[in-house]
file query_13.txt (compact mmCIF, C-alpha atoms)
# COMPACT_ATOMS: atom_id res chain seq x y z
CA MET A 302 28.93 -2.67 -39.53
CA ARG A 303 30.02 -2.29 -43.16
CA ARG A 304 33.60 -2.03 -41.85
CA ALA A 305 33.07 -5.28 -39.98
CA SER A 306 31.78 -7.05 -43.11
CA PHE A 307 34.70 -5.72 -45.13
CA ALA A 308 37.13 -6.91 -42.48
CA CYS A 309 35.55 -10.34 -42.42
CA ARG A 310 36.00 -10.60 -46.19
CA LEU A 311 39.64 -9.66 -45.68
CA TRP A 312 39.93 -12.42 -43.11
CA ALA A 313 38.40 -14.82 -45.60
CA SER A 314 41.01 -13.74 -48.06
CA GLY A 315 43.78 -14.44 -45.54
CA PHE A 316 44.11 -11.08 -43.71
CA GLY A 317 43.44 -12.75 -40.39
CA LEU A 318 41.04 -13.18 -37.52
CA TRP A 319 42.40 -10.25 -35.48
CA ALA A 320 41.42 -7.74 -38.16
CA CYS A 321 37.78 -8.96 -38.01
CA LEU A 322 37.54 -8.67 -34.23
CA ALA A 323 39.16 -5.23 -34.17
CA ALA A 324 36.83 -3.92 -36.86
CA THR A 325 33.74 -5.31 -35.09
CA LEU A 326 34.69 -3.69 -31.79
CA SER A 327 35.45 -0.38 -33.46
CA ALA A 328 32.02 -0.47 -35.13
CA GLN A 329 30.12 -1.18 -31.86
CA GLN A 330 32.01 1.28 -29.63
CA PRO A 331 30.68 4.51 -31.25
CA GLN A 332 27.11 3.23 -30.92
CA GLN A 333 27.61 2.59 -27.18
CA GLN A 334 29.11 6.03 -26.71
CA GLN A 335 26.20 7.73 -28.49
CA GLN A 336 23.52 6.23 -26.21
CA PRO A 337 24.23 8.40 -23.12
CA THR A 338 24.29 11.46 -25.37
CA GLN A 339 20.78 10.65 -26.61
CA LEU A 340 19.56 10.16 -23.01
CA GLN A 341 21.04 13.43 -21.95
CA GLN A 342 19.23 15.23 -24.76
CA GLN A 343 15.79 14.04 -23.56
CA PRO A 344 13.67 16.94 -22.29
CA PRO A 345 13.25 17.04 -18.51
CA GLN A 346 9.88 16.07 -17.07
CA MET A 347 7.57 18.81 -15.87
CA ILE A 348 7.45 18.89 -12.07
CA GLN A 349 4.31 20.25 -10.51
CA PRO A 350 4.86 22.73 -7.67
CA VAL A 351 4.29 21.36 -4.17
CA GLU A 352 2.56 23.46 -1.54
CA ARG A 353 4.79 24.43 1.37
CA VAL A 354 3.44 25.12 4.85
CA THR A 355 4.80 25.75 8.31
CA LEU A 356 4.28 23.32 11.16
CA GLU A 357 1.63 25.54 12.74
CA GLU A 358 -0.29 25.72 9.45
CA ALA A 359 0.00 21.98 8.88
CA VAL A 360 -1.31 21.10 12.35
CA ALA A 361 -4.12 23.67 12.19
CA ARG A 362 -5.34 22.43 8.81
CA ALA A 363 -5.06 18.79 9.87
CA LEU A 364 -7.15 19.47 12.98
CA ALA A 365 -9.72 21.34 10.91
CA ASN A 366 -10.00 19.00 7.90
CA ASN A 367 -8.94 15.49 8.93
CA PRO A 368 -11.93 13.13 8.56
CA THR A 369 -10.83 11.03 11.54
CA ILE A 370 -11.50 13.97 13.86
CA ALA A 371 -14.85 14.63 12.18
CA ALA A 372 -15.81 10.99 12.71
CA ALA A 373 -14.75 11.14 16.36
CA SER A 374 -16.80 14.29 16.94
CA GLN A 375 -19.95 12.35 16.06
CA ALA A 376 -19.66 10.67 19.45
CA VAL A 377 -20.58 14.01 21.03
CA LEU A 378 -23.75 14.17 18.93
CA ARG A 379 -24.65 10.61 19.94
CA ALA A 380 -24.12 11.46 23.61
CA GLU A 381 -26.30 14.55 23.27
CA GLY A 382 -29.02 12.39 21.71
CA LEU A 383 -28.84 9.96 24.62
CA LEU A 384 -29.11 12.89 27.04
CA GLN A 385 -32.18 14.13 25.22
CA GLN A 386 -33.76 10.68 25.54
CA ALA A 387 -32.95 10.51 29.25
CA ARG A 388 -34.43 13.96 29.84
CA ALA A 389 -37.58 13.04 27.93
CA ALA A 390 -38.30 10.33 30.50
CA THR A 391 -38.51 13.00 33.24
CA ARG A 392 -40.69 15.48 31.33
CA PRO A 393 -44.44 15.61 30.61
CA ASN A 394 -45.75 13.26 27.97
CA VAL A 395 -48.87 14.10 25.94
CA SER A 396 -50.67 11.66 23.66
CA ALA A 397 -54.02 11.52 21.88
CA ALA A 398 -56.15 8.70 20.52
CA PHE A 399 -59.19 8.48 18.25
CA VAL A 400 -61.39 5.38 18.10
CA ASN A 401 -64.42 4.83 15.83
CA SER A 402 -66.53 1.76 16.67
CA ILE A 403 -69.19 0.32 14.35
CA VAL A 404 -71.36 -2.61 15.50
CA ASP A 405 -73.98 -4.58 13.57
CA THR A 406 -76.97 -3.16 15.46
CA PRO A 407 -77.38 -0.66 18.28
CA ARG A 408 -77.38 -2.09 21.79
CA GLY A 409 -80.11 -1.19 24.25
CA PHE A 410 -83.31 -2.25 26.02
CA GLU A 411 -86.82 -0.87 26.33
CA GLY A 412 -86.07 1.66 23.59
CA VAL A 413 -83.07 3.15 25.33
CA VAL A 414 -79.82 2.99 23.28
CA ILE A 415 -76.83 2.02 25.39
CA GLN A 416 -74.34 1.42 22.57
CA PRO A 417 -74.94 3.31 19.32
CA ARG A 418 -74.18 1.53 16.09
CA ASP A 419 -71.55 4.16 15.07
CA GLN A 420 -69.69 5.83 17.93
CA SER A 421 -66.47 7.91 17.97
CA THR A 422 -64.21 8.48 20.96
CA LEU A 423 -61.50 11.14 21.18
CA SER A 424 -59.23 10.87 24.22
CA ALA A 425 -55.98 12.39 25.39
CA ASN A 426 -53.45 11.62 28.06
CA LEU A 427 -51.11 13.96 29.91
CA SER A 428 -48.69 12.23 32.25
CA MET A 429 -45.65 13.37 34.17
CA PRO A 430 -43.42 11.64 36.67
CA VAL A 431 -43.59 13.31 40.05
CA LEU A 432 -41.20 10.92 41.76
CA ALA A 433 -38.58 9.23 39.55
CA PRO A 434 -35.10 9.17 41.16
CA ALA A 435 -33.77 6.52 38.77
CA ARG A 436 -34.85 8.54 35.72
CA TRP A 437 -33.36 11.74 37.11
CA ALA A 438 -30.10 9.92 37.78
CA ALA A 439 -30.06 8.59 34.21
CA ALA A 440 -30.19 12.15 32.88
CA ALA A 441 -27.18 13.17 35.00
CA GLN A 442 -25.31 10.06 33.84
CA ALA A 443 -26.01 10.90 30.19
CA ARG A 444 -24.64 14.40 30.80
CA ASP A 445 -21.37 12.83 31.98
CA GLN A 446 -21.15 10.91 28.71
CA ILE A 447 -21.18 14.16 26.77
CA GLU A 448 -18.08 15.29 28.67
CA VAL A 449 -16.42 11.91 28.05
CA ALA A 450 -17.21 12.09 24.31
CA GLY A 451 -15.83 15.62 24.09
CA LEU A 452 -12.59 14.64 25.81
CA SER A 453 -12.33 11.56 23.61
CA THR A 454 -12.55 13.81 20.55
CA ALA A 455 -9.88 16.08 22.08
CA ASP A 456 -7.61 13.05 22.53
CA VAL A 457 -8.11 12.09 18.88
CA ARG A 458 -7.26 15.66 17.89
CA LYS A 459 -4.05 15.39 19.88
CA GLN A 460 -3.12 12.13 18.14
CA ILE A 461 -3.74 13.65 14.69
CA GLY A 462 -1.76 16.75 15.62
CA VAL A 463 1.19 14.72 16.87
CA ALA A 464 1.11 12.47 13.80
CA THR A 465 1.11 15.56 11.57
CA ALA A 466 4.09 17.01 13.43
CA GLN A 467 5.98 13.71 13.24
CA THR A 468 5.39 13.51 9.49
CA TYR A 469 6.42 17.15 9.11
CA LEU A 470 9.70 16.42 10.89
CA GLY A 471 10.15 13.35 8.71
CA ILE A 472 10.10 15.55 5.61
CA ILE A 473 12.80 17.79 7.07
CA THR A 474 14.96 14.80 7.98
CA GLN A 475 14.61 13.20 4.56
CA ARG A 476 15.47 16.50 2.86
CA ARG A 477 18.62 16.73 4.98
CA GLN A 478 19.51 13.20 3.90
CA VAL A 479 19.07 14.30 0.29
CA GLU A 480 21.52 17.16 0.91
CA VAL A 481 24.02 14.75 2.50
CA ASN A 482 23.78 12.37 -0.46
CA GLU A 483 24.10 15.25 -2.92
CA ARG A 484 27.31 16.41 -1.26
CA ALA A 485 28.62 12.85 -1.23
CA LEU A 486 27.77 12.44 -4.92
CA GLU A 487 29.46 15.71 -5.79
CA THR A 488 32.62 14.61 -3.98
CA ALA A 489 32.55 11.19 -5.65
CA ARG A 490 32.14 12.73 -9.09
CA ALA A 491 35.06 15.05 -8.47
CA HIS A 492 37.18 12.06 -7.54
CA LEU A 493 35.99 10.24 -10.67
CA ASP A 494 36.93 13.21 -12.87
CA TYR A 495 40.38 13.29 -11.30
CA SER A 496 40.77 9.53 -11.91
CA ASN A 497 39.71 9.96 -15.54
CA ARG A 498 42.24 12.73 -16.10
CA ARG A 499 45.01 10.63 -14.55
CA LEU A 500 44.03 7.68 -16.71
CA GLU A 501 44.02 9.78 -19.87
CA SER A 502 47.43 11.21 -19.01
CA GLY A 503 48.81 7.74 -18.42
CA ALA A 504 49.50 8.27 -14.70
CA GLY A 505 46.41 6.47 -13.41
CA THR A 506 45.02 2.98 -13.67
CA ARG A 507 41.78 1.51 -14.91
CA LEU A 508 41.25 -0.04 -11.45
CA ASN A 509 41.26 3.36 -9.73
CA GLN A 510 38.80 4.67 -12.29
CA LEU A 511 36.41 1.73 -11.74
CA ARG A 512 36.54 2.17 -7.98
CA ALA A 513 35.67 5.85 -8.30
CA ALA A 514 32.89 5.09 -10.80
CA GLN A 515 31.44 2.46 -8.46
CA GLU A 516 31.28 5.00 -5.64
CA VAL A 517 29.46 7.44 -7.94
CA SER A 518 26.88 4.80 -8.88
CA THR A 519 26.33 3.92 -5.22
CA ASP A 520 25.82 7.55 -4.25
CA GLU A 521 23.40 8.07 -7.16
CA ALA A 522 21.29 5.16 -5.91
CA ARG A 523 21.34 6.56 -2.37
CA LEU A 524 20.27 9.94 -3.66
CA GLU A 525 17.33 8.48 -5.57
CA SER A 526 16.23 6.53 -2.50
CA SER A 527 16.36 9.59 -0.27
CA ARG A 528 14.41 11.68 -2.81
CA LEU A 529 11.72 9.00 -2.95
CA ALA A 530 11.53 9.06 0.85
CA VAL A 531 10.86 12.81 0.69
CA VAL A 532 8.00 12.27 -1.76
CA ARG A 533 6.47 9.61 0.45
CA ALA A 534 6.66 11.84 3.51
CA GLN A 535 5.09 14.71 1.56
CA GLU A 536 2.23 12.48 0.45
CA ALA A 537 1.68 11.31 4.04
CA LEU A 538 1.50 14.93 5.23
CA GLY A 539 -1.03 15.71 2.52
CA VAL A 540 -3.21 12.79 3.66
CA LEU A 541 -3.15 13.98 7.28
CA MET A 542 -4.09 17.49 6.16
CA ALA A 543 -6.86 16.11 3.92
CA VAL A 544 -5.24 17.71 0.86
CA ASN A 545 -5.50 16.16 -2.59
CA GLY A 546 -1.77 16.19 -3.22
CA PRO A 547 1.65 16.26 -1.51
CA VAL A 548 2.56 19.00 0.95
CA ASP A 549 6.11 20.09 1.76
CA ALA A 550 7.62 21.46 4.96
CA ALA A 551 8.51 25.13 4.69
CA ALA A 552 10.89 25.58 7.63
CA GLU A 553 12.31 23.78 10.61
CA PRO A 554 10.10 24.35 13.67
CA ALA A 555 11.39 25.51 17.03
CA PHE A 556 10.08 23.64 20.07
CA ASP A 557 10.43 25.77 23.20
CA ILE A 558 10.74 23.66 26.33
CA PRO A 559 9.28 25.31 29.45
CA PRO A 560 11.90 26.13 32.10
CA THR A 561 9.82 24.67 34.95
CA ILE A 562 7.63 21.58 34.89
CA ASP A 563 4.83 21.50 37.45
CA GLU A 564 3.10 18.12 37.74
CA PRO A 565 -0.42 19.37 38.64
CA THR A 566 -0.28 21.75 35.67
CA TRP A 567 0.81 19.29 33.02
CA MET A 568 -1.23 16.43 34.50
CA GLY A 569 -4.36 18.52 34.08
CA ALA A 570 -3.38 19.49 30.54
CA ARG A 571 -3.01 15.96 29.17
CA THR A 572 -6.07 14.87 27.24
CA ASP A 573 -5.64 11.18 28.08
CA VAL A 574 -5.54 11.89 31.82
CA ARG A 575 -8.55 14.21 31.58
CA LEU A 576 -10.43 11.61 29.53
CA GLN A 577 -9.69 8.84 32.00
CA THR A 578 -10.62 11.11 34.92
CA ALA A 579 -13.97 11.94 33.34
CA THR A 580 -14.58 8.26 32.58
CA GLN A 581 -13.84 7.29 36.18
CA ARG A 582 -16.13 10.03 37.45
CA ALA A 583 -18.94 8.84 35.16
CA PHE A 584 -18.62 5.21 36.30
CA ASP A 585 -18.50 6.31 39.92
CA ARG A 586 -21.73 8.32 39.51
CA VAL A 587 -23.49 5.34 37.97
CA PHE A 588 -22.42 3.17 40.91
CA ARG A 589 -23.52 5.71 43.50
CA ASP A 590 -26.90 6.06 41.79
CA SER A 591 -27.59 2.34 42.17
CA SER A 592 -29.44 3.02 45.44
CA LYS A 593 -32.05 5.05 43.54
CA ASP A 594 -33.26 1.87 41.85
CA TYR A 595 -34.91 0.97 45.19
CA PHE A 596 -36.95 4.20 45.37
CA PRO A 597 -40.65 4.22 44.37
CA THR A 598 -41.86 5.81 41.16
CA GLY A 599 -44.83 8.16 41.07
CA ILE A 600 -46.70 9.31 37.95
CA ALA A 601 -49.51 11.86 37.70
CA SER A 602 -51.91 11.45 34.78
CA PHE A 603 -54.77 13.56 33.36
CA ASP A 604 -57.10 11.92 30.79
CA PRO A 605 -59.87 13.97 29.07
CA GLN A 606 -62.36 12.20 26.75
CA VAL A 607 -65.06 13.12 24.22
CA VAL A 608 -67.65 10.56 23.03
CA THR A 609 -70.16 11.15 20.22
CA PRO A 610 -72.88 10.17 20.09
CA ALA A 611 -73.08 9.59 23.83
CA GLY A 612 -74.50 6.44 25.34
CA VAL A 613 -76.52 5.99 28.47
CA PHE A 614 -73.53 5.14 30.63
CA ALA A 615 -70.93 7.21 28.74
CA PRO A 616 -71.29 11.01 28.87
CA THR A 617 -70.24 13.18 26.00
CA ARG A 618 -67.38 14.84 27.87
CA SER A 619 -65.42 13.43 30.79
CA TRP A 620 -61.98 13.53 32.36
CA ARG A 621 -59.93 11.72 34.94
CA PHE A 622 -56.94 12.74 37.06
CA SER A 623 -54.89 10.08 38.83
CA VAL A 624 -51.65 9.72 40.72
CA SER A 625 -50.04 6.30 40.93
CA PHE A 626 -47.05 5.02 42.84
CA SER A 627 -45.19 1.79 42.25
CA GLN A 628 -42.54 0.11 44.36
CA PRO A 629 -40.67 -3.05 43.30
CA ILE A 630 -40.53 -5.43 46.24
CA PHE A 631 -38.84 -8.54 44.91
CA ASP A 632 -36.98 -8.78 41.60
CA GLY A 633 -35.00 -11.97 42.06
CA GLY A 634 -31.73 -10.14 42.79
CA GLN A 635 -31.60 -8.13 39.54
CA ARG A 636 -30.92 -4.79 41.21
CA ARG A 637 -28.31 -6.29 43.48
CA GLY A 638 -26.53 -7.85 40.53
CA LEU A 639 -26.65 -4.60 38.59
CA ARG A 640 -25.18 -2.74 41.56
CA GLN A 641 -22.35 -5.25 41.81
CA PHE A 642 -21.62 -4.89 38.09
CA ARG A 643 -21.50 -1.10 38.39
CA GLU A 644 -19.19 -1.31 41.40
CA ALA A 645 -16.74 -3.48 39.45
CA ALA A 646 -16.82 -1.06 36.52
CA ALA A 647 -16.15 1.90 38.84
CA ARG A 648 -13.19 0.15 40.45
CA ALA A 649 -11.77 -0.82 37.04
CA SER A 650 -12.00 2.78 35.88
CA GLN A 651 -10.18 3.93 39.02
CA PHE A 652 -7.38 1.43 38.35
CA ALA A 653 -7.22 2.62 34.72
CA LEU A 654 -6.91 6.22 35.88
CA THR A 655 -4.08 5.31 38.26
CA SER A 656 -2.30 3.41 35.47
CA THR A 657 -2.69 6.38 33.10
CA GLN A 658 -1.22 8.76 35.66
CA ILE A 659 1.75 6.45 36.30
CA GLN A 660 2.35 6.13 32.56
CA ALA A 661 2.13 9.91 32.14
CA ARG A 662 4.76 10.53 34.82
CA SER A 663 7.03 7.95 33.19
CA GLU A 664 6.60 9.57 29.76
CA VAL A 665 7.55 12.98 31.12
CA ARG A 666 10.65 11.69 32.91
CA LEU A 667 11.75 9.64 29.91
CA ALA A 668 11.13 12.50 27.49
CA GLN A 669 13.27 14.83 29.59
CA GLU A 670 16.11 12.32 29.66
CA VAL A 671 15.83 11.64 25.93
CA VAL A 672 16.12 15.36 25.19
CA ARG A 673 19.27 15.70 27.30
CA SER A 674 20.85 12.51 25.94
CA SER A 675 20.04 13.23 22.30
CA GLU A 676 21.45 16.76 22.57
CA ARG A 677 24.73 15.37 23.92
CA ALA A 678 24.81 12.76 21.14
CA LEU A 679 24.13 15.44 18.51
CA THR A 680 27.10 17.49 19.72
CA SER A 681 29.41 14.48 19.46
CA LEU A 682 28.12 13.41 16.04
CA ARG A 683 28.47 16.88 14.59
CA LEU A 684 32.06 16.96 15.80
CA SER A 685 32.55 13.53 14.25
CA ALA A 686 31.19 14.82 10.92
CA GLN A 687 33.63 17.74 10.99
CA GLN A 688 36.50 15.36 11.73
CA ALA A 689 35.43 13.03 8.93
CA ALA A 690 35.34 15.95 6.48
CA GLU A 691 38.83 16.97 7.52
CA VAL A 692 40.05 13.39 7.10
CA LEU A 693 38.58 13.35 3.59
CA ASN A 694 40.39 16.55 2.64
CA ILE A 695 43.71 15.29 3.95
CA THR A 696 43.30 11.92 2.24
CA THR A 697 42.42 13.55 -1.06
CA VAL A 698 45.49 15.80 -0.95
CA ALA A 699 47.69 12.83 -0.07
CA PHE A 700 46.28 10.79 -2.95
CA GLU A 701 46.87 13.59 -5.43
CA ALA A 702 50.42 13.84 -4.12
CA GLY A 703 50.91 10.11 -4.65
CA ALA A 704 51.29 9.32 -0.93
CA THR A 705 48.31 6.94 -0.76
CA THR A 706 45.86 5.01 -2.94
CA ASN A 707 42.33 5.80 -3.91
CA LEU A 708 41.11 3.06 -1.55
CA GLU A 709 41.80 5.41 1.34
CA VAL A 710 40.03 8.22 -0.51
CA ILE A 711 36.92 6.12 -1.14
CA ASP A 712 36.91 4.92 2.46
CA ALA A 713 37.17 8.52 3.67
CA GLN A 714 34.31 9.53 1.36
CA ARG A 715 32.07 6.84 2.79
CA SER A 716 33.03 7.73 6.36
CA ALA A 717 32.27 11.41 5.74
CA ARG A 718 28.93 10.57 4.14
CA ASP A 719 27.96 8.24 6.99
CA ALA A 720 29.05 10.78 9.59
CA ASP A 721 26.94 13.51 7.97
CA ALA A 722 23.95 11.17 7.76
CA ALA A 723 24.36 10.17 11.42
CA ALA A 724 24.54 13.81 12.47
CA GLU A 725 21.32 14.62 10.60
CA LEU A 726 19.59 11.62 12.15
CA ALA A 727 20.73 12.81 15.57
CA ALA A 728 19.32 16.25 14.85
CA ASP A 729 16.03 14.60 13.92
CA THR A 730 16.13 12.66 17.19
CA VAL A 731 16.52 15.93 19.10
CA ARG A 732 13.57 17.51 17.30
CA ARG A 733 11.37 14.49 17.91
CA ALA A 734 12.46 14.29 21.55
CA ARG A 735 11.46 17.90 22.10
CA LEU A 736 8.12 17.23 20.42
CA ASP A 737 7.57 14.15 22.60
CA LEU A 738 8.34 16.16 25.72
CA LEU A 739 5.85 18.88 24.77
CA THR A 740 3.28 16.19 23.99
CA ALA A 741 3.89 14.49 27.33
CA LEU A 742 3.39 17.84 29.07
CA GLY A 743 0.10 18.40 27.27
CA ARG A 744 1.46 21.48 25.46
CA PHE A 745 1.17 20.09 21.91
CA PRO A 746 -0.94 20.65 19.99
CA GLN A 747 -2.21 23.86 21.49

call {"tool": "encode", "arguments": {"input": "query_13.txt", "output": "structure tokens"}}
result
Amino acid sequence: MRRASFACRLWASGFGLWACLAATLSAQQPQQQQQPTQLQQQPPQMIQPVERVTLEEAVARALANNPTIAAASQAVLRAEGLLQQARAATRPNVSAAFVNSIVDTPRGFEGVVIQPRDQSTLSANLSMPVLAPARWAAAAQARDQIEVAGLSTADVRKQIGVATAQTYLGIITQRRQVEVNERALETARAHLDYSNRRLESGAGTRLNQLRAAQEVSTDEARLESSRLAVVRAQEALGVLMAVNGPVDAAAEPAFDIPPTIDEPTWMGARTDVRLQTATQRAFDRVFRDSSKDYFPTGIASFDPQVVTPAGVFAPTRSWRFSVSFSQPIFDGGQRRGLRQFREAAARASQFALTSTQIQARSEVRLAQEVVRSSERALTSLRLSAQQAAEVLNITTVAFEAGATTNLEVIDAQRSARDADAAAELAADTVRRARLDLLTALGRFPQ
């Protein structure tokens, strides 16, 4: 800046305006050139190591630690509690009571005390249903709900396992995109270095240099975006595994497709089909047990009693055994309405089971076709990536020989980068298609 002030004084003395502008630019240019050097000298940030796991380890830990599965498993405990309540209604029931009565004066006549002033009564009751078809049916129905709750938890486990595998594959795909962008950036920087050397030697142009520099900046932005996508996928995998931190994928998994696909085998292995089958069976049992609401109920009861002090008409010790039967005769149509409601629920569950089976068959057929189609597309896209790389090499040689412009080189770089990215996306589609097929067949997670 002192040079600029000195030049301005020269201009004031008649040296001229051009000397002032030239001195000012020459004073600012070294400061602009020193800024990247200072940024490059900054110490790199410390990167904490990220845990790496295989797909099998990731799925196993997610199934063992994910809180969603733990919450779903509580449905089994609730169903077991309901079963215990239903069983209690069919088992003996014992109760005891103590009563102490104090009146103002003893009751009696002709000197005989009938009701003492202070009298205590200790009684017990032992009752048990001897004929209770509706209660017995309720216990069997509650047992079905335990099976339904267990299969519902298994279906949640499958969803968590599939989500973990999908996230795991997402990490692999994003890492491959990072590699593609790194190769593209390396190629763009090489082209920029060549353009700088040509410009310094006087054979190149500033326009070619700016085009090459623009391509480098674009590839740097793409690389940063793809690296951020990897971090996000790693964090998502850590959440599914219930880990306090990101988790990385260690290796690409291999999904082995079975050579033969037998419908009864895979239909029985799918958790959603098994869940819907158990649900339909439970609703059907409830409907079939509706007839037991018309049966009588019989209860046997034994009641011992101790009274002290005893009165004239109340002995000190006594007991009573009784058997009672009750039969509803008219309830205003309540049982008939309940039976109709249960029948509708049973039919709806049967329709839901049929719909689930149809959807399962469609998923298997579609997954098989997606695997075949995506494998064919991957072969074509990998060939396209090889061709694009060859085009880039030829175009680069031609440009260095002066037979073409750097526009063709930049266009070839972009085509090669896009072809590599498309090939990696196709490979991810194949991996996900294989996973979807194994999931549709009930083979994942094991």

call {"tool": "closest_residue", "arguments": {"input": "query_13.txt", "among": "A:Gly505, A:Ser663, A:Asp729, A:Ser602", "to": "Ala678 (chain A)", "atoms": "all atoms listed in the file"}}
result
A:Asp729

call {"tool": "atom_distance", "arguments": {"input": "query_13.txt", "atom1": "CA of Ala522 (chain A)", "atom2": "CA of Asn509 (chain A)"}}
result
20.4 Å

call {"tool": "closest_residue", "arguments": {"input": "query_13.txt", "among": "A:Val624, A:Val574, A:Ala438, A:Val548", "to": "Gln658 (chain A)", "atoms": "all atoms listed in the file"}}
result
A:Val574

call {"tool": "atom_distance", "arguments": {"input": "query_13.txt", "atom1": "CA of Gln687 (chain A)", "atom2": "CA of Glu709 (chain A)"}}
result
17.7 Å

call {"tool": "atom_distance", "arguments": {"input": "query_13.txt", "atom1": "CA of Ala555 (chain A)", "atom2": "CA of Gly471 (chain A)"}}
result
14.8 Å

call {"tool": "decode", "arguments": {"input": "query_13.txt", "residues": "region 390-420 of chain A", "atoms": "C-alpha atoms", "output": "mmCIF file, in the first residue's frame"}}
result
data_model
loop_
_atom_site.group_PDB
_atom_site.id
_atom_site.type_symbol
_atom_site.label_atom_id
_atom_site.label_comp_id
_atom_site.auth_asym_id
_atom_site.auth_seq_id
_atom_site.Cartn_x
_atom_site.Cartn_y
_atom_site.Cartn_z
ATOM 1 C CA ALA A 390 -61.877 -66.942 35.814
ATOM 2 C CA THR A 391 -61.862 -70.757 35.432
ATOM 3 C CA ARG A 392 -59.890 -71.555 38.600
ATOM 4 C CA PRO A 393 -60.875 -71.708 42.285
ATOM 5 C CA ASN A 394 -61.351 -68.417 44.060
ATOM 6 C CA VAL A 395 -60.794 -68.100 47.819
ATOM 7 C CA SER A 396 -61.749 -65.060 49.885
ATOM 8 C CA ALA A 397 -62.093 -64.240 53.577
ATOM 9 C CA ALA A 398 -64.014 -61.610 55.506
ATOM 10 C CA PHE A 399 -63.979 -60.348 59.089
ATOM 11 C CA VAL A 400 -66.863 -58.350 60.564
ATOM 12 C CA ASN A 401 -67.052 -56.848 64.076
ATOM 13 C CA SER A 402 -70.492 -55.537 65.095
ATOM 14 C CA ILE A 403 -71.100 -53.319 68.132
ATOM 15 C CA VAL A 404 -74.661 -52.315 69.093
ATOM 16 C CA ASP A 405 -75.849 -49.972 71.853
ATOM 17 C CA THR A 406 -77.276 -52.726 74.075
ATOM 18 C CA PRO A 407 -77.504 -56.496 73.809
ATOM 19 C CA ARG A 408 -80.647 -57.859 72.180
ATOM 20 C CA GLY A 409 -82.671 -60.588 73.850
ATOM 21 C CA PHE A 410 -85.777 -61.502 75.849
ATOM 22 C CA GLU A 411 -86.460 -63.225 79.158
ATOM 23 C CA GLY A 412 -82.761 -63.062 80.014
ATOM 24 C CA VAL A 413 -81.627 -64.871 76.904
ATOM 25 C CA VAL A 414 -79.140 -62.878 74.739
ATOM 26 C CA ILE A 415 -79.892 -63.176 71.040
ATOM 27 C CA GLN A 416 -77.543 -60.465 69.780
ATOM 28 C CA PRO A 417 -74.493 -59.691 71.932
ATOM 29 C CA ARG A 418 -73.388 -56.106 72.178
ATOM 30 C CA ASP A 419 -69.920 -56.906 70.688
ATOM 31 C CA GLN A 420 -69.819 -59.775 68.199
#
